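Next comes final.cif, a file with mmCIF, C-alpha atoms, pLDDT in the B column; chains and numbers go by the auth columns.
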data_upload
loop_
_atom_site.group_PDB
_atom_site.id
_atom_site.type_symbol
_atom_site.label_atom_id
_atom_site.label_comp_id
_atom_site.label_asym_id
_atom_site.label_seq_id
_atom_site.Cartn_x
_atom_site.Cartn_y
_atom_site.Cartn_z
_atom_site.B_iso_or_equiv
_atom_site.auth_seq_id
_atom_site.auth_asym_id
ATOM 1 C CA MET A 1 3.592 7.597 15.505 49.00 402 A
ATOM 2 C CA PRO A 2 6.952 8.012 13.977 69.00 403 A
ATOM 3 C CA LEU A 3 7.683 5.667 11.138 79.00 404 A
ATOM 4 C CA THR A 4 10.839 3.612 11.307 82.00 405 A
ATOM 5 C CA PRO A 5 13.357 3.859 8.462 87.00 406 A
ATOM 6 C CA PHE A 6 12.027 0.464 7.341 91.00 407 A
ATOM 7 C CA GLN A 7 8.310 1.314 7.519 89.00 408 A
ATOM 8 C CA THR A 8 8.562 4.459 5.393 87.00 409 A
ATOM 9 C CA PRO A 9 9.620 2.827 2.090 93.00 410 A
ATOM 10 C CA VAL A 10 7.203 -0.069 2.679 93.00 411 A
ATOM 11 C CA LEU A 11 4.287 2.340 3.056 90.00 412 A
ATOM 12 C CA ARG A 12 5.403 4.332 0.031 89.00 413 A
ATOM 13 C CA LEU A 13 5.263 1.153 -2.042 93.00 414 A
ATOM 14 C CA LEU A 14 1.821 0.283 -0.703 92.00 415 A
ATOM 15 C CA ALA A 15 0.438 3.798 -1.257 88.00 416 A
ATOM 16 C CA GLN A 16 -0.521 2.966 -4.840 87.00 417 A
ATOM 17 C CA ASN A 17 -3.052 0.406 -3.559 88.00 418 A
ATOM 18 C CA ARG A 18 -4.730 2.654 -0.983 86.00 419 A
ATOM 19 C CA SER A 19 -8.160 4.124 -1.601 82.00 420 A
ATOM 20 C CA ALA A 20 -11.310 4.989 0.279 79.00 421 A
ATOM 21 C CA ASP A 21 -11.888 1.206 0.412 82.00 422 A
ATOM 22 C CA SER A 22 -8.370 0.316 1.610 85.00 423 A
ATOM 23 C CA TYR A 23 -6.852 2.814 3.992 82.00 424 A
ATOM 24 C CA VAL A 24 -4.197 3.176 6.670 82.00 425 A
ATOM 25 C CA ALA A 25 -5.764 3.370 10.119 78.00 426 A
ATOM 26 C CA GLY A 26 -4.819 2.653 13.699 75.00 427 A
ATOM 27 C CA GLY A 27 -1.961 4.196 15.604 72.00 428 A
ATOM 28 C CA ILE A 28 0.251 5.135 12.682 74.00 429 A
ATOM 29 C CA ALA A 29 -2.516 7.127 11.002 70.00 430 A
ATOM 30 C CA LEU A 30 -3.750 8.758 14.188 65.00 431 A
ATOM 31 C CA ASN A 31 -0.306 9.912 15.255 63.00 432 A
ATOM 32 C CA ALA A 32 1.359 10.525 11.895 61.00 433 A
ATOM 33 C CA GLN A 33 1.789 14.253 12.301 64.00 434 A
ATOM 34 C CA HIS A 34 2.532 14.341 16.041 63.00 435 A
ATOM 35 C CA PRO A 35 4.463 11.178 16.911 64.00 436 A
ATOM 36 C CA ILE A 36 4.244 9.999 20.501 69.00 437 A
ATOM 37 C CA ARG A 37 5.340 6.363 20.243 69.00 438 A
ATOM 38 C CA TRP A 38 6.616 3.727 17.808 73.00 439 A
ATOM 39 C CA SER A 39 4.326 1.131 16.268 77.00 440 A
ATOM 40 C CA ALA A 40 5.317 -2.419 15.431 80.00 441 A
ATOM 41 C CA ASP A 41 2.538 -2.839 12.877 89.00 442 A
ATOM 42 C CA VAL A 42 0.641 -1.121 10.096 91.00 443 A
ATOM 43 C CA ASP A 43 -3.156 -1.484 10.064 91.00 444 A
ATOM 44 C CA LEU A 44 -4.919 -1.439 6.702 92.00 445 A
ATOM 45 C CA PHE A 45 -8.718 -1.303 7.014 90.00 446 A
ATOM 46 C CA HIS A 46 -11.369 -2.339 4.485 91.00 447 A
ATOM 47 C CA ASP A 47 -15.161 -2.263 4.432 88.00 448 A
ATOM 48 C CA VAL A 48 -15.702 -5.796 3.061 92.00 449 A
ATOM 49 C CA GLU A 49 -13.830 -9.114 2.977 95.00 450 A
ATOM 50 C CA GLU A 50 -13.394 -8.951 -0.790 95.00 451 A
ATOM 51 C CA ALA A 51 -11.441 -5.720 -0.375 94.00 452 A
ATOM 52 C CA VAL A 52 -9.224 -7.345 2.283 96.00 453 A
ATOM 53 C CA MET A 53 -8.384 -10.194 -0.072 97.00 454 A
ATOM 54 C CA ARG A 54 -7.854 -7.975 -3.110 96.00 455 A
ATOM 55 C CA ALA A 55 -5.680 -5.405 -1.305 96.00 456 A
ATOM 56 C CA SER A 56 -3.551 -7.905 0.608 97.00 457 A
ATOM 57 C CA ASP A 57 -2.838 -9.961 -2.518 97.00 458 A
ATOM 58 C CA ALA A 58 -1.877 -6.815 -4.451 97.00 459 A
ATOM 59 C CA ASP A 59 0.279 -5.501 -1.587 97.00 460 A
ATOM 60 C CA VAL A 60 2.125 -8.791 -1.202 98.00 461 A
ATOM 61 C CA GLY A 61 2.822 -8.853 -4.939 98.00 462 A
ATOM 62 C CA ILE A 62 4.241 -5.325 -4.905 97.00 463 A
ATOM 63 C CA LEU A 63 6.421 -6.045 -1.880 98.00 464 A
ATOM 64 C CA ARG A 64 7.823 -9.283 -3.311 98.00 465 A
ATOM 65 C CA GLN A 65 8.506 -7.606 -6.645 98.00 466 A
ATOM 66 C CA ALA A 66 10.468 -4.934 -4.760 97.00 467 A
ATOM 67 C CA GLY A 67 12.610 -7.606 -3.108 98.00 468 A
ATOM 68 C CA TYR A 68 10.976 -7.886 0.310 98.00 469 A
ATOM 69 C CA ASP A 69 10.408 -11.217 2.023 98.00 470 A
ATOM 70 C CA VAL A 70 6.741 -11.650 2.941 98.00 471 A
ATOM 71 C CA ARG A 71 5.652 -14.370 5.370 97.00 472 A
ATOM 72 C CA SER A 72 1.950 -14.917 5.966 95.00 473 A
ATOM 73 C CA ASP A 73 1.159 -15.457 9.642 92.00 474 A
ATOM 74 C CA LEU A 74 -2.650 -15.540 9.464 94.00 475 A
ATOM 75 C CA TRP A 75 -4.596 -15.575 6.220 94.00 476 A
ATOM 76 C CA THR A 76 -8.406 -15.549 6.357 95.00 477 A
ATOM 77 C CA PRO A 77 -10.851 -13.684 4.094 94.00 478 A
ATOM 78 C CA GLY A 78 -11.585 -10.959 6.672 95.00 479 A
ATOM 79 C CA PHE A 79 -8.220 -10.687 8.432 96.00 480 A
ATOM 80 C CA ARG A 80 -4.709 -11.184 7.126 97.00 481 A
ATOM 81 C CA ARG A 81 -1.391 -10.704 8.858 98.00 482 A
ATOM 82 C CA ALA A 82 2.073 -10.894 7.329 98.00 483 A
ATOM 83 C CA TRP A 83 5.628 -10.153 8.393 98.00 484 A
ATOM 84 C CA VAL A 84 7.516 -8.105 5.809 98.00 485 A
ATOM 85 C CA ALA A 85 11.302 -8.169 6.065 98.00 486 A
ATOM 86 C CA ARG A 86 14.519 -7.305 4.334 97.00 487 A
ATOM 87 C CA ASP A 87 17.961 -7.750 5.831 95.00 488 A
ATOM 88 C CA ASP A 88 17.607 -7.307 9.609 94.00 489 A
ATOM 89 C CA ALA A 89 14.492 -5.114 9.625 95.00 490 A
ATOM 90 C CA GLY A 90 10.793 -5.871 9.381 96.00 491 A
ATOM 91 C CA VAL A 91 7.242 -4.788 10.046 95.00 492 A
ATOM 92 C CA ARG A 92 3.937 -6.562 10.624 96.00 493 A
ATOM 93 C CA LEU A 93 1.136 -5.673 8.216 96.00 494 A
ATOM 94 C CA GLU A 94 -2.477 -6.373 9.138 96.00 495 A
ATOM 95 C CA TRP A 95 -5.323 -6.123 6.643 96.00 496 A
ATOM 96 C CA CYS A 96 -8.744 -6.324 8.250 94.00 497 A
ATOM 97 C CA ARG A 97 -12.411 -5.798 7.608 93.00 498 A
ATOM 98 C CA SER A 98 -13.984 -3.091 9.682 84.00 499 A
ATOM 99 C CA ALA A 99 -17.361 -1.584 8.922 69.00 500 A
ATOM 100 C CA TRP A 100 -16.896 1.043 11.649 66.00 501 A
ATOM 101 C CA ARG A 101 -16.035 4.518 10.455 62.00 502 A
ATOM 102 C CA PHE A 102 -16.247 7.211 13.058 60.00 503 A
ATOM 103 C CA PHE A 103 -14.787 9.842 10.732 59.00 504 A
ATOM 104 C CA PRO A 104 -14.604 10.230 6.972 61.00 505 A
ATOM 105 C CA ILE A 105 -11.554 8.875 5.196 64.00 506 A
ATOM 106 C CA GLU A 106 -9.505 11.545 3.497 62.00 507 A
ATOM 107 C CA PRO A 107 -6.506 11.647 1.186 64.00 508 A
ATOM 108 C CA ARG A 108 -3.155 12.366 2.785 60.00 509 A
ATOM 109 C CA SER A 109 0.319 12.777 1.407 56.00 510 A
ATOM 110 C CA TRP A 110 2.414 11.894 4.479 48.00 511 A
ATOM 111 C CA VAL A 111 3.148 8.390 3.143 49.00 512 A
ATOM 112 C CA SER A 112 -0.004 6.686 1.972 45.00 513 A
ATOM 113 C CA ARG A 113 -2.819 8.359 0.115 43.00 514 A
ATOM 114 C CA TRP A 114 -5.725 7.669 2.468 44.00 515 A
ATOM 115 C CA ASP A 115 -6.041 7.600 6.224 45.00 516 A
ATOM 116 C CA TRP A 116 -8.037 8.856 9.150 42.00 517 A
ATOM 117 C CA PRO A 117 -7.726 12.594 9.601 47.00 518 A
ATOM 118 C CA SER A 118 -5.292 13.396 12.395 46.00 519 A
ATOM 119 C CA SER A 119 -7.282 16.452 13.419 43.00 520 A
ATOM 120 C CA THR A 120 -10.274 14.407 14.542 41.00 521 A
ATOM 121 C CA PRO A 121 -11.441 14.318 18.161 39.00 522 A
ATOM 122 C CA ASN A 122 -10.209 10.729 18.372 39.00 523 A
ATOM 123 C CA ALA A 123 -6.695 11.817 17.443 36.00 524 A
ATOM 124 C CA ARG A 124 -6.834 14.645 19.957 34.00 525 A
ATOM 125 C CA LEU A 125 -7.762 12.145 22.653 34.00 526 A
ATOM 126 C CA ALA A 126 -4.707 10.145 21.665 35.00 527 A
ATOM 127 C CA GLY A 127 -2.612 13.235 22.343 35.00 528 A
ATOM 128 C CA SER A 128 -1.582 13.967 18.791 33.00 529 A
ATOM 129 C CA THR A 129 -3.122 17.451 18.353 32.00 530 A
#

As structure tokens, please, write out the structure in this file.
Amino acid sequence: MPLTPFQTPVLRLLAQNRSADSYVAGGIALNAQHPIRWSADVDLFHDVEEAVMRASDADVGILRQAGYDVRSDLWTPGFRRAWVARDDAGVRLEWCRSAWRFFPIEPRSWVSRWDWPSSTPNARLAGST
């Protein structure tokens, strides 16, 4: 999926917190190299609840320090959602626990450091390769 002009700098800020335990997934990751539609949210997946809490707290701190407004919509140990905004633009971030991994996580340089590989069969089914 193409990133909006607002999403790109947000993801660049959050890249420092991504790892094999906290990675970009969902539509943005699957369609990063061959955009077919816009996405209103960014999905950040984690293997355990502790990682969800740790990553979301760190991400919110980085965003606020950079001058973004962050409003928590839903805040539980295993799933967190926040609206990140500045001026008239915004994006929804969702941190969630998901033990399902169909493909290995690999480092990427497109914006964040870790995501699902876009050359996987799942991405091909989505029409991105």

Exercise: Thr477 (chain A) partners within 12 Å, all atoms listed in the file, chain neighbours under 3 positions left out, as a list of chain:residue names:
A:Glu450, A:Glu451, A:Val453, A:Met454, A:Ser457, A:Asp458, A:Ser473, A:Asp474, A:Phe480, A:Arg481, A:Arg482, A:Ala483, A:Glu495, A:Trp496, A:Cys497, A:Arg498

Between A:Leu494, A:Val449, A:Ile429, A:Ile463, single out the one closest to Leu475 (chain A), counting all atoms listed in the file.
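Comparing A:Leu494, A:Val449, A:Ile429, A:Ile463 against Leu475 (chain A), the winner is A:Leu494.
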
What does the distance between CA of Ser499 (chain A) and CA of Leu464 (chain A) come to in Å, to one decimal place?
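Distance reported for this atom pair: 23.6 Å.
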
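Counting all atoms listed in the file and comparing A:Asp470, A:Val461, A:Arg455, A:Val443, the residue that lies closest to Leu412 (chain A) is A:Val443.
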
Contacts of Asp488 (chain A) at 12 Å (all atoms listed in the file; same-chain gap of 4+ positions) as a ChimeraX atom specification
/A:407,468-470,492

One decimal, Å: what's the distance from CA of His447 (chain A) over to CA of Asp460 (chain A), could you say?
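One can read the CA of His447 (chain A) to CA of Asp460 (chain A) distance as 13.5 Å.
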
Return as a list in words the set of residues that the PyMOL selection byres ((chain A and resi 441) around 7) yields on the displayed structure.
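That expression, the PyMOL selection byres ((chain A and resi 441) around 7), corresponds here to Trp439, Ser440, Asp442, Val492 and Arg493 of chain A.
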
Generate a file of the selected residues that holds C-alpha atoms, formatted as a compact mmCIF listing (two decimals), in the coordinates of the input.
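Final output, part-v1.txt:
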# COMPACT_ATOMS: atom_id res chain seq x y z
CA TRP A 439 6.62 3.73 17.81
CA SER A 440 4.33 1.13 16.27
CA ASP A 442 2.54 -2.84 12.88
CA VAL A 492 7.24 -4.79 10.05
CA ARG A 493 3.94 -6.56 10.62

Give me, please, the distance in Å between CA of Ala426 (chain A) and CA of Asp489 (chain A), quoted to one decimal.
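Those two atoms sit 25.7 Å apart.
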
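Nearest residue to Asp448 (chain A), choosing from A:Tyr424, A:Pro410, A:Gly462, A:Ala490 and counting all atoms listed in the file: A:Tyr424.
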